[in-house]
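Participant: Structure incoming, see below.
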Amino acid sequence: MTVQELTPGFSDPVRDAAVSFRCLLNAMSRPGLVRALPVQPDCPAPFNAGATVIALSLLDADTTVWVADSLASPVVTAHIAFHTGAKPVATVGDAAFVFAPIAELPELLPQLSIGTPEYPDRAATLIALVDGFGGAEERRLSGPGIDGNTEMAPIGLNAAGWDVLAMNAGLFPLGVDTFFAGPSSVAALPRSTRISPNAA
Amino acid sequence: MQEEQNYNFAYLDEQTKRMIRRALLKALAVPGYQVPFAGREMPMPYGWGTGGIQVTAAILEPEDTLKVIDQGADDTTNAVSIRKFFQKVAGVETTEKTEEASIIQTRHRIPERDLEEGQIMVYQVPIPEPLRFLEPRETETRKMHALEEYGLMHVKLYEDIARHGHIATTYAYPVKVADRYIMDPSPIPKFDNPKLDNSPALQLFGAGREKRIYALPPYTPVKSLDFEDHPFETQTWDEPCALCGATDSYLDEVIMDDKGTRMFVCSDTDYCTTRREAGHVGPDAQAVGEAAE
Amino acid sequence: MYVAVKGGEKAIDNAHRLLAETRRGDTGVAELSVDQIREQLKLAVDRVMTEGSVYDPELAALAIKQARGDLIEAIFLVRAYRTTLPRFGTSKPVETGKMRLERRISATFKDVPGGQVLGPTFDYTHRLIDFALAAEGEPPRAEAREDFSEETLAAPHVLDLLAEEGLVERPERDDEAVPGDITRHPSEFPMDRATRLQSLARGDESYLLALGYSTQRGYAKSHPFAGEIRLGRVSVEYVPEELGFPVEIGEIELTECNMINQFAGSKKVAPQFTRGYGVAMGHGERKAMAMSLVDRSLRAVELGEEVKAPAQDQEFVLEHCDNVQATGFVEHLKLPHYVDFQSELGLVRRMRQEVESNLAEAAE
């Protein structure tokens, strides 16, 4: 990989990181609510903008990362190494940040770190790449950050995926926190969110 | 105000901001749980709000409008000092108006005016551990939170009732968050506790010296601890604010002379000013006005 | 009549101006230069470097000047500056065994290879105020050691000689381990020894002095001997990634103390002496000695000793050793607390009323 082939990072690093993080903070504080990305950086394929923004905003040399084989193109690997310096780990259960396509969520999520009873914050954050929101499988969400209840349907999240996420929620206060990263937006599903069948 | 060019936007370096940002996301995912973070030395002393300042610095974006209050007031010296700091190192807009602020950093109060969706409260926290005065050891209190073993706290509150007939905690009154973690709401008077519950605003808590961050997402149930036969109650006053006549705000007692004359005025200066500008008049407003001239 | 407390901003500006004026003092007296502080108040500079965790005599001297001689304030200034510095990497462990010695004494042997070197010490001075100093004369020059050379002034650690025989434990050594960093990670208990030593190294000198003293007075089993105290200069080496071999990036002055303590042994381990370790930047003997006593007492659990004294209690010792944290929290009581006080005032009034009405009822 040469410098020319490397995808650039944020064009205005300090500002872009600040506004991107606020978007992520808003997403995590209101589970299920889809937030438009405030910046659209160049993406190393096959990462979409959501995944790229999350990587550039949250990863650095103090974090561990695991990227699914299906996403780990040379350009993605180089992008993460060059712009963040995050430490790649071989075992997905050791990673603080895990990037995977939504289709791999059902199989992957049960393998991730859920934290310990004394340090539940040491759980992994899963970044599941999606094509957007408004998919076929909708679920009703409730819990902290949700005024009453709300609906969510990331494209590509199937019933099996929702089942795994519901089991994850049952582990609270342990469990994995998930960002659904789309090409122009993100939404979050922390472990604290309860998942129930859609009323419809 | 002149923006300081020698420091990064909002003072903290980007790596420190990312570390705090990651902690904030985990804090939101486990509401009320105290996330350890590697707090940095700040250019103001521990105890002056270094935790809140680090949280504000990590979430701030250039378009924000910041309000800083201490004891409910925008013009107390520490509030002024922190506001000036962010004007200098971040160049953000500041305001004294609660409704204009996107971020409100506070020490010891929650504004009287209802907060709105999209607003962020940042609390400065001295001792984040609600169980600390019952058990000084971190290894022990951490275990108690893990096991949801909160009997000791109830025993303490019940001892109050046995001795005094009521709970004798008036500020930093412990709450239970989303039916799981017991949390210290920072040293706000218990008068403010109901405002924590189901708030549309995002509430973030930073303890710099103790290196802990915790959070309440909007619309999170927050219950002040109590007993069925001794329900939680807030402070009340026998008189309205002497300046604006408010009967629904937290009042500070001001000693007027050496003969014991006292008056009660709103602790929330913005609330009081806004009411007076709208024509509300308290019983002593005229006397005060004359004296000021 | 009530006048709202306004104008906080103006008051702060004025206070800052007044502070600058008071710092300068009588302008009829020559202003102190940073060089003068660095050269003539070296022990203060060294303490500020140690507890400020930055080896930079110039910066520490400036901080002392700015802090009007308040060392904890100076330490705070240095720390706040330190936290903004970029971090290039971690140096190799310094080899104190190769220290170019300025002072080196052992209380456990009459003579040791390399000799006892008194160096610049207050130890055998008579503490009589020297009024000659007020006259600002030049001091007499000390006679140089005849055998002065870089080679002769390096000497092996005294404790290494005992370790040969197995009489004293060998220090743990792991050059490859990535050291913990108390400035980058929140503390977690129980804390390993390397991280504890980091906390103690930047810990308040007087606090460690009092705790170390308490171990000598029976609050923890101690029986210490000053195996060796050495002061001198060591090389700092760093391995740049692109080179792959260590290069010397500078030299720093350190004070190191190896304290020897008794250990009764157990069923599995033969009796041997254990160590407590202390180190300080520059010349900081009191700090290094106190630190070594507290390091040893904090090893109680590891050595199977009963933990009953304050100096053996990790959480107590380490959570309170940082003077910047301590002074902040103690001094923050100056900030307004009138909202909380109002709450308490209301409560006390109410409780007093209740007691009075109870008494009145009882009287009827």
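Chain labels run A, B, ... following the order of the structure tokens; each chain numbers its residues from 1, and ligands are numbered from 1 in the order shown.
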Taking only C-alpha atoms into account, which residues of chain A are within 12 Å of chain C, as an MDAnalysis selection string?

Facilitator: chainID A and resid 62 118:119

Participant: Generate the output file for the selected residues, N, CA and C atoms, as a PDB file, in the first residue's frame.

Facilitator:
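Once everything was written out, this is selection_7.pdb:
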```pdb
ATOM      1  N   ASP A  62      -4.782   3.281  21.816  1.00  0.00           N
ATOM      2  CA  ASP A  62      -5.192   2.712  23.100  1.00  0.00           C
ATOM      3  C   ASP A  62      -6.337   1.707  22.953  1.00  0.00           C
ATOM      4  N   GLU A 118     -18.000  -6.372  37.692  1.00  0.00           N
ATOM      5  CA  GLU A 118     -17.405  -5.205  38.342  1.00  0.00           C
ATOM      6  C   GLU A 118     -16.993  -4.129  37.353  1.00  0.00           C
ATOM      7  N   TYR A 119     -16.740  -4.516  36.127  1.00  0.00           N
ATOM      8  CA  TYR A 119     -16.384  -3.550  35.073  1.00  0.00           C
ATOM      9  C   TYR A 119     -17.213  -3.810  33.804  1.00  0.00           C
TER      10      TYR A 119
END
```

Participant: Any chance you could list, as a VMD selection string, the residues in stretch 23-199 of chain A that come up strand (DSSP E or B) when DSSP is run on the backbone?

Facilitator: chain A and resid 35 to 36 64 to 67 87 to 88 97 to 101 114 123 125 to 129 133 139 to 142 150 to 152 154 177 to 181 185 to 189 194 to 197

Participant: Select, as JSON, numbers by chain, those residues of chain A with any atom no more than 9 Å from chain B (distances computed using only C-alpha atoms).

Facilitator: {"A": [14, 15, 17, 18, 19, 21, 22, 24, 25, 26, 28, 29, 30, 57, 58, 59, 60, 61, 62, 116, 117, 118, 119, 120, 121, 122, 123, 125, 143, 144, 145, 146, 147, 148, 172, 173, 174, 177, 189, 190, 191, 192, 193]}

Participant: Restrict the selected residues to C-alpha atoms and save them as an mmCIF file, in the first residue's frame.

Facilitator:
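Output below, filename out-v7.cif:
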```cif
data_model
loop_
_atom_site.group_PDB
_atom_site.id
_atom_site.type_symbol
_atom_site.label_atom_id
_atom_site.label_comp_id
_atom_site.auth_asym_id
_atom_site.auth_seq_id
_atom_site.Cartn_x
_atom_site.Cartn_y
_atom_site.Cartn_z
ATOM 1 C CA VAL A 14 -10.406 18.144 15.153
ATOM 2 C CA ARG A 15 -13.709 19.577 14.013
ATOM 3 C CA ALA A 17 -14.071 14.289 15.063
ATOM 4 C CA ALA A 18 -16.025 16.618 17.359
ATOM 5 C CA VAL A 19 -19.178 16.757 15.229
ATOM 6 C CA PHE A 21 -18.697 12.131 18.047
ATOM 7 C CA ARG A 22 -21.709 14.303 18.926
ATOM 8 C CA LEU A 24 -22.557 9.077 17.952
ATOM 9 C CA LEU A 25 -23.288 10.439 21.429
ATOM 10 C CA ASN A 26 -26.762 11.450 20.306
ATOM 11 C CA MET A 28 -26.212 6.158 21.825
ATOM 12 C CA SER A 29 -28.302 8.374 24.085
ATOM 13 C CA ARG A 30 -31.460 7.776 22.001
ATOM 14 C CA SER A 57 -13.776 9.073 15.796
ATOM 15 C CA LEU A 58 -13.253 6.380 18.394
ATOM 16 C CA LEU A 59 -10.211 4.257 17.574
ATOM 17 C CA ASP A 60 -6.610 5.016 18.465
ATOM 18 C CA ALA A 61 -3.485 3.319 19.746
ATOM 19 C CA ASP A 62 -5.192 2.712 23.100
ATOM 20 C CA THR A 116 -17.424 -8.201 33.910
ATOM 21 C CA PRO A 117 -19.893 -7.604 36.739
ATOM 22 C CA GLU A 118 -17.405 -5.205 38.342
ATOM 23 C CA TYR A 119 -16.384 -3.550 35.073
ATOM 24 C CA PRO A 120 -19.331 -3.792 32.670
ATOM 25 C CA ASP A 121 -17.760 -0.953 30.649
ATOM 26 C CA ARG A 122 -15.125 -3.377 29.404
ATOM 27 C CA ALA A 123 -17.610 -4.847 26.951
ATOM 28 C CA THR A 125 -18.745 -2.232 20.840
ATOM 29 C CA GLY A 143 -35.662 1.436 27.956
ATOM 30 C CA PRO A 144 -33.320 4.279 28.934
ATOM 31 C CA GLY A 145 -33.078 6.907 26.206
ATOM 32 C CA ILE A 146 -36.457 6.031 24.728
ATOM 33 C CA ASP A 147 -39.569 8.103 25.428
ATOM 34 C CA GLY A 148 -42.075 5.294 25.804
ATOM 35 C CA PHE A 172 -27.753 -6.265 31.299
ATOM 36 C CA PRO A 173 -25.755 -4.650 32.900
ATOM 37 C CA LEU A 174 -23.337 -6.831 30.943
ATOM 38 C CA ASP A 177 -23.348 -2.290 22.572
ATOM 39 C CA LEU A 189 -28.648 -0.212 20.234
ATOM 40 C CA PRO A 190 -27.019 -0.317 23.678
ATOM 41 C CA ARG A 191 -27.396 -3.361 25.895
ATOM 42 C CA SER A 192 -29.849 -1.425 28.078
ATOM 43 C CA THR A 193 -32.542 -1.419 25.367
#
```

Participant: Taking only C-alpha atoms into account, report as a PyMOL selection string which residues of chain B lie within 7 Å of chain C.

Facilitator: chain B and resi 36-38+40-43+45-48+71+75-77+80+137+139+170-171+189+209+211+252-253+256+288+291-292

Participant: Please provide as a PDB file with N, CA and C atoms, in the first residue's frame all residues within 6 Å of stretch 235-244 of chain C, with the sequence filter that same-chain residues fewer than 5 positions apart are discarded (counting only C-alpha atoms).

Facilitator:
```pdb
ATOM      1  N   SER C  91      11.309   5.183  27.464  1.00  0.00           N
ATOM      2  CA  SER C  91      12.758   4.964  27.454  1.00  0.00           C
ATOM      3  C   SER C  91      13.064   3.556  27.946  1.00  0.00           C
ATOM      4  N   LYS C  92      14.304   3.144  27.763  1.00  0.00           N
ATOM      5  CA  LYS C  92      14.756   1.896  28.387  1.00  0.00           C
ATOM      6  C   LYS C  92      14.838   2.151  29.892  1.00  0.00           C
ATOM      7  N   VAL C  94      16.382   2.878  33.292  1.00  0.00           N
ATOM      8  CA  VAL C  94      17.705   3.446  33.558  1.00  0.00           C
ATOM      9  C   VAL C  94      18.508   2.483  34.429  1.00  0.00           C
ATOM     10  N   ILE C 249      19.678   9.673  24.977  1.00  0.00           N
ATOM     11  CA  ILE C 249      19.025  10.940  24.658  1.00  0.00           C
ATOM     12  C   ILE C 249      19.282  11.988  25.731  1.00  0.00           C
ATOM     13  N   GLY C 250      19.998  11.591  26.774  1.00  0.00           N
ATOM     14  CA  GLY C 250      20.307  12.580  27.794  1.00  0.00           C
ATOM     15  C   GLY C 250      20.701  11.924  29.093  1.00  0.00           C
ATOM     16  N   GLU C 251      20.867  12.756  30.095  1.00  0.00           N
ATOM     17  CA  GLU C 251      21.344  12.279  31.385  1.00  0.00           C
ATOM     18  C   GLU C 251      20.471  12.942  32.435  1.00  0.00           C
TER      19      GLU C 251
END
```

Participant: Give me the residues near stretch 153-166 of chain A as JSON, numbers by chain, where near means some atom within 12 Å (using only C-alpha atoms) and where sequence neighbours in that chain fewer than 4 positions away do not count.

Facilitator: {"A": [32, 33, 34, 101, 102, 103, 104, 105, 106, 107, 108, 109, 110, 111, 112, 126, 128, 129, 130, 131, 132, 133, 134, 135, 136, 137, 138, 139, 140, 141, 142, 170, 171, 172, 175, 176, 177, 178, 179, 180, 181, 182, 183, 185, 186, 187, 188, 189, 190, 191, 192, 193, 194, 195, 196, 197, 198]}

Participant: Can you tell me which residues surround C:Val158 at a distance of at most 10 Å, considering only C-alpha atoms, apart from same-chain residues fewer than 5 positions away, and format the answer as a list in words?

Facilitator: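 The filter keeps Gly97, Arg104, Ile105, Ser106, Thr108, Phe109, Val112, Pro113, Gly114, Ala163, Gly227, Glu228, Ile229 and Asn258 of chain C.
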
Participant: Would you output that residue set with all heavy atoms, as an mmCIF file, in the first residue's frame?

Facilitator:
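Okay, selection.cif is ready:
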```
data_model
loop_
_atom_site.group_PDB
_atom_site.id
_atom_site.type_symbol
_atom_site.label_atom_id
_atom_site.label_comp_id
_atom_site.auth_asym_id
_atom_site.auth_seq_id
_atom_site.Cartn_x
_atom_site.Cartn_y
_atom_site.Cartn_z
ATOM 1 N N GLY C 97 22.684 1.035 38.549
ATOM 2 C CA GLY C 97 23.937 0.385 38.937
ATOM 3 C C GLY C 97 25.133 1.032 38.254
ATOM 4 O O GLY C 97 26.267 0.911 38.704
ATOM 5 N N ARG C 104 27.013 8.386 47.886
ATOM 6 C CA ARG C 104 26.609 6.992 48.005
ATOM 7 C C ARG C 104 26.986 6.518 49.400
ATOM 8 O O ARG C 104 28.160 6.505 49.782
ATOM 9 C CB ARG C 104 27.364 6.184 46.952
ATOM 10 C CG ARG C 104 26.943 4.747 46.820
ATOM 11 C CD ARG C 104 27.816 3.812 47.630
ATOM 12 N NE ARG C 104 27.706 2.484 47.093
ATOM 13 C CZ ARG C 104 28.725 1.717 46.789
ATOM 14 N NH1 ARG C 104 29.968 2.162 46.974
ATOM 15 N NH2 ARG C 104 28.539 0.514 46.329
ATOM 16 N N ILE C 105 25.997 6.154 50.176
ATOM 17 C CA ILE C 105 26.291 5.675 51.518
ATOM 18 C C ILE C 105 25.517 4.391 51.787
ATOM 19 O O ILE C 105 24.454 4.159 51.207
ATOM 20 C CB ILE C 105 25.909 6.718 52.598
ATOM 21 C CG1 ILE C 105 24.450 7.154 52.439
ATOM 22 C CG2 ILE C 105 26.851 7.918 52.563
ATOM 23 C CD1 ILE C 105 23.884 7.872 53.628
ATOM 24 N N SER C 106 26.085 3.572 52.638
ATOM 25 C CA SER C 106 25.394 2.384 53.105
ATOM 26 C C SER C 106 25.472 2.368 54.621
ATOM 27 O O SER C 106 26.545 2.584 55.195
ATOM 28 C CB SER C 106 26.054 1.118 52.550
ATOM 29 O OG SER C 106 25.504 -0.011 53.209
ATOM 30 N N THR C 108 24.585 -0.302 56.277
ATOM 31 C CA THR C 108 24.642 -1.699 56.695
ATOM 32 C C THR C 108 26.061 -2.271 56.704
ATOM 33 O O THR C 108 26.300 -3.331 57.258
ATOM 34 C CB THR C 108 23.761 -2.568 55.772
ATOM 35 O OG1 THR C 108 24.046 -2.231 54.417
ATOM 36 C CG2 THR C 108 22.293 -2.335 56.045
ATOM 37 N N PHE C 109 27.011 -1.593 56.033
ATOM 38 C CA PHE C 109 28.388 -2.050 56.036
ATOM 39 C C PHE C 109 29.319 -0.872 56.300
ATOM 40 O O PHE C 109 29.043 0.238 55.857
ATOM 41 C CB PHE C 109 28.754 -2.692 54.692
ATOM 42 C CG PHE C 109 27.960 -3.933 54.408
ATOM 43 C CD1 PHE C 109 26.823 -3.875 53.613
ATOM 44 C CD2 PHE C 109 28.319 -5.154 54.969
ATOM 45 C CE1 PHE C 109 26.067 -5.005 53.376
ATOM 46 C CE2 PHE C 109 27.571 -6.289 54.734
ATOM 47 C CZ PHE C 109 26.443 -6.223 53.929
ATOM 48 N N VAL C 112 32.239 -0.489 51.679
ATOM 49 C CA VAL C 112 31.709 -1.273 50.567
ATOM 50 C C VAL C 112 32.556 -0.993 49.339
ATOM 51 O O VAL C 112 33.196 0.055 49.255
ATOM 52 C CB VAL C 112 30.242 -0.889 50.271
ATOM 53 C CG1 VAL C 112 29.292 -1.496 51.274
ATOM 54 C CG2 VAL C 112 30.073 0.629 50.229
ATOM 55 N N PRO C 113 32.592 -1.943 48.393
ATOM 56 C CA PRO C 113 33.340 -1.680 47.155
ATOM 57 C C PRO C 113 32.856 -0.384 46.522
ATOM 58 O O PRO C 113 31.654 -0.185 46.383
ATOM 59 C CB PRO C 113 32.995 -2.879 46.263
ATOM 60 C CG PRO C 113 32.558 -3.944 47.215
ATOM 61 C CD PRO C 113 31.940 -3.253 48.383
ATOM 62 N N GLY C 114 33.786 0.478 46.191
ATOM 63 C CA GLY C 114 33.407 1.799 45.666
ATOM 64 C C GLY C 114 33.427 2.854 46.749
ATOM 65 O O GLY C 114 33.460 4.029 46.462
ATOM 66 N N ALA C 163 22.665 -10.194 47.561
ATOM 67 C CA ALA C 163 21.814 -11.049 46.765
ATOM 68 C C ALA C 163 22.592 -12.244 46.231
ATOM 69 O O ALA C 163 22.051 -13.329 46.052
ATOM 70 C CB ALA C 163 21.194 -10.250 45.605
ATOM 71 N N GLY C 227 20.095 0.096 53.305
ATOM 72 C CA GLY C 227 21.095 -0.706 52.599
ATOM 73 C C GLY C 227 21.992 0.179 51.759
ATOM 74 O O GLY C 227 23.208 0.061 51.790
ATOM 75 N N GLU C 228 21.363 1.072 51.013
ATOM 76 C CA GLU C 228 22.155 1.991 50.210
ATOM 77 C C GLU C 228 21.307 3.175 49.771
ATOM 78 O O GLU C 228 20.144 3.021 49.421
ATOM 79 C CB GLU C 228 22.705 1.300 48.963
ATOM 80 C CG GLU C 228 23.680 2.186 48.213
ATOM 81 C CD GLU C 228 24.078 1.580 46.874
ATOM 82 O OE1 GLU C 228 23.210 1.418 46.014
ATOM 83 O OE2 GLU C 228 25.268 1.268 46.717
ATOM 84 N N ILE C 229 21.949 4.340 49.841
ATOM 85 C CA ILE C 229 21.348 5.527 49.253
ATOM 86 C C ILE C 229 22.365 6.072 48.280
ATOM 87 O O ILE C 229 23.542 6.232 48.626
ATOM 88 C CB ILE C 229 21.043 6.585 50.344
ATOM 89 C CG1 ILE C 229 19.980 6.043 51.299
ATOM 90 C CG2 ILE C 229 20.579 7.894 49.714
ATOM 91 C CD1 ILE C 229 20.008 6.706 52.646
ATOM 92 N N ASN C 258 17.643 1.895 48.516
ATOM 93 C CA ASN C 258 17.278 0.498 48.707
ATOM 94 C C ASN C 258 17.266 0.210 50.199
ATOM 95 O O ASN C 258 18.310 0.212 50.850
ATOM 96 C CB ASN C 258 18.293 -0.417 48.020
ATOM 97 C CG ASN C 258 17.877 -0.739 46.604
ATOM 98 O OD1 ASN C 258 16.913 -1.472 46.378
ATOM 99 N ND2 ASN C 258 18.602 -0.187 45.643
#
```

Participant: When distances are computed from only C-alpha atoms, which of B:Arg107, B:Lys97, B:Lys88, B:Lys156 shows the smallest separation from B:Gly206?

Facilitator: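 Of all the options, B:Arg107 lies closest to B:Gly206.
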
Participant: Could you please determine the separation between atom CA of C:Arg38 and atom CA of C:Pro57 in Å, to one decimal place?

Facilitator: 6.3 Å

Participant: As a ChimeraX atom specification, please: the residues near B:Ile103 (cut-off 9 Å, only C-alpha atoms, same-chain neighbours under 2 positions excluded).

Facilitator: /B:56,60,64-68,101,105,118-122

Participant: Could you write out, as JSON, numbers by chain, all the residues of stretch 120-176 of chain A that DSSP marks as helix (DSSP H, G or I)?

Facilitator: {"A": [120, 121, 122, 159, 160, 161, 162, 163, 164, 165, 166, 167, 168, 169]}

Participant: Go ahead and save the residues from that selection, with all heavy atoms, as a short mmCIF file (atom, residue, chain, number, x, y, z; two decimals), in the first residue's frame.

Facilitator:
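Result written to out_20.cif:
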```cif
data_model
loop_
_atom_site.label_atom_id
_atom_site.label_comp_id
_atom_site.auth_asym_id
_atom_site.auth_seq_id
_atom_site.Cartn_x
_atom_site.Cartn_y
_atom_site.Cartn_z
N PRO A 120 -18.51 -3.54 33.86
CA PRO A 120 -19.33 -3.79 32.67
C PRO A 120 -18.94 -2.92 31.49
O PRO A 120 -19.31 -3.21 30.35
CB PRO A 120 -20.75 -3.47 33.15
CG PRO A 120 -20.60 -2.67 34.39
CD PRO A 120 -19.29 -3.07 35.00
N ASP A 121 -18.17 -1.83 31.75
CA ASP A 121 -17.76 -0.95 30.65
C ASP A 121 -16.72 -1.61 29.76
O ASP A 121 -16.43 -1.12 28.67
CB ASP A 121 -17.18 0.36 31.20
CG ASP A 121 -16.05 0.11 32.20
OD1 ASP A 121 -16.30 -0.56 33.22
OD2 ASP A 121 -14.92 0.57 31.95
N ARG A 122 -16.16 -2.74 30.22
CA ARG A 122 -15.12 -3.38 29.40
C ARG A 122 -15.72 -4.28 28.33
O ARG A 122 -15.06 -5.20 27.84
CB ARG A 122 -14.18 -4.16 30.31
CG ARG A 122 -13.38 -3.21 31.18
CD ARG A 122 -12.41 -3.90 32.07
NE ARG A 122 -11.75 -2.92 32.93
CZ ARG A 122 -10.97 -3.24 33.94
NH1 ARG A 122 -10.73 -4.51 34.22
NH2 ARG A 122 -10.42 -2.30 34.68
N ALA A 159 -34.45 -12.04 11.75
CA ALA A 159 -35.05 -12.47 13.02
C ALA A 159 -33.99 -13.10 13.93
O ALA A 159 -33.98 -12.87 15.14
CB ALA A 159 -36.19 -13.45 12.75
N ALA A 160 -33.08 -13.86 13.33
CA ALA A 160 -32.04 -14.51 14.15
C ALA A 160 -31.16 -13.44 14.81
O ALA A 160 -30.77 -13.57 15.97
CB ALA A 160 -31.19 -15.42 13.26
N GLY A 161 -30.87 -12.39 14.07
CA GLY A 161 -30.06 -11.31 14.60
C GLY A 161 -30.77 -10.62 15.77
O GLY A 161 -30.17 -10.35 16.82
N TRP A 162 -32.05 -10.36 15.58
CA TRP A 162 -32.82 -9.73 16.66
C TRP A 162 -32.85 -10.63 17.91
O TRP A 162 -32.78 -10.14 19.04
CB TRP A 162 -34.25 -9.44 16.20
CG TRP A 162 -34.41 -8.14 15.43
CD1 TRP A 162 -34.80 -7.99 14.15
CD2 TRP A 162 -34.18 -6.81 15.95
NE1 TRP A 162 -34.84 -6.66 13.80
CE2 TRP A 162 -34.46 -5.91 14.89
CE3 TRP A 162 -33.76 -6.30 17.17
CZ2 TRP A 162 -34.34 -4.53 15.03
CZ3 TRP A 162 -33.64 -4.93 17.32
CH2 TRP A 162 -33.93 -4.05 16.25
N ASP A 163 -32.96 -11.93 17.67
CA ASP A 163 -33.00 -12.87 18.82
C ASP A 163 -31.71 -12.78 19.62
O ASP A 163 -31.72 -12.76 20.86
CB ASP A 163 -33.22 -14.31 18.33
CG ASP A 163 -34.64 -14.53 17.82
OD1 ASP A 163 -35.49 -13.62 18.07
OD2 ASP A 163 -34.90 -15.56 17.17
N VAL A 164 -30.60 -12.73 18.90
CA VAL A 164 -29.30 -12.64 19.57
C VAL A 164 -29.20 -11.32 20.34
O VAL A 164 -28.72 -11.27 21.48
CB VAL A 164 -28.16 -12.77 18.53
CG1 VAL A 164 -26.83 -12.40 19.15
CG2 VAL A 164 -28.11 -14.19 17.99
N LEU A 165 -29.69 -10.24 19.71
CA LEU A 165 -29.65 -8.94 20.38
C LEU A 165 -30.55 -8.93 21.62
O LEU A 165 -30.21 -8.32 22.64
CB LEU A 165 -30.08 -7.84 19.40
CG LEU A 165 -29.03 -7.48 18.34
CD1 LEU A 165 -29.64 -6.69 17.20
CD2 LEU A 165 -27.87 -6.71 18.97
N ALA A 166 -31.69 -9.60 21.53
CA ALA A 166 -32.60 -9.66 22.68
C ALA A 166 -31.94 -10.44 23.83
O ALA A 166 -32.07 -10.07 25.00
CB ALA A 166 -33.92 -10.30 22.28
N MET A 167 -31.23 -11.51 23.47
CA MET A 167 -30.52 -12.27 24.50
C MET A 167 -29.44 -11.42 25.15
O MET A 167 -29.22 -11.45 26.35
CB MET A 167 -29.91 -13.54 23.90
CG MET A 167 -30.83 -14.74 24.01
SD MET A 167 -30.48 -16.03 22.81
CE MET A 167 -28.76 -16.31 23.05
N ASN A 168 -28.76 -10.66 24.30
CA ASN A 168 -27.72 -9.74 24.78
C ASN A 168 -28.32 -8.75 25.79
O ASN A 168 -27.75 -8.50 26.86
CB ASN A 168 -27.11 -9.01 23.59
CG ASN A 168 -26.06 -8.00 23.98
OD1 ASN A 168 -25.02 -8.35 24.51
ND2 ASN A 168 -26.35 -6.72 23.77
N ALA A 169 -29.49 -8.21 25.46
CA ALA A 169 -30.14 -7.25 26.36
C ALA A 169 -30.48 -7.91 27.70
O ALA A 169 -30.47 -7.26 28.75
CB ALA A 169 -31.40 -6.68 25.70
#
```

Participant: Can you pull out the residues contacting C:Asp70? Cut-off 12 Å, using only C-alpha atoms, and skip same-chain residues under 6 positions away; I want them as a PyMOL selection string.

Facilitator: chain C and resi 23+44-45+47-48+60-64+76-77+327
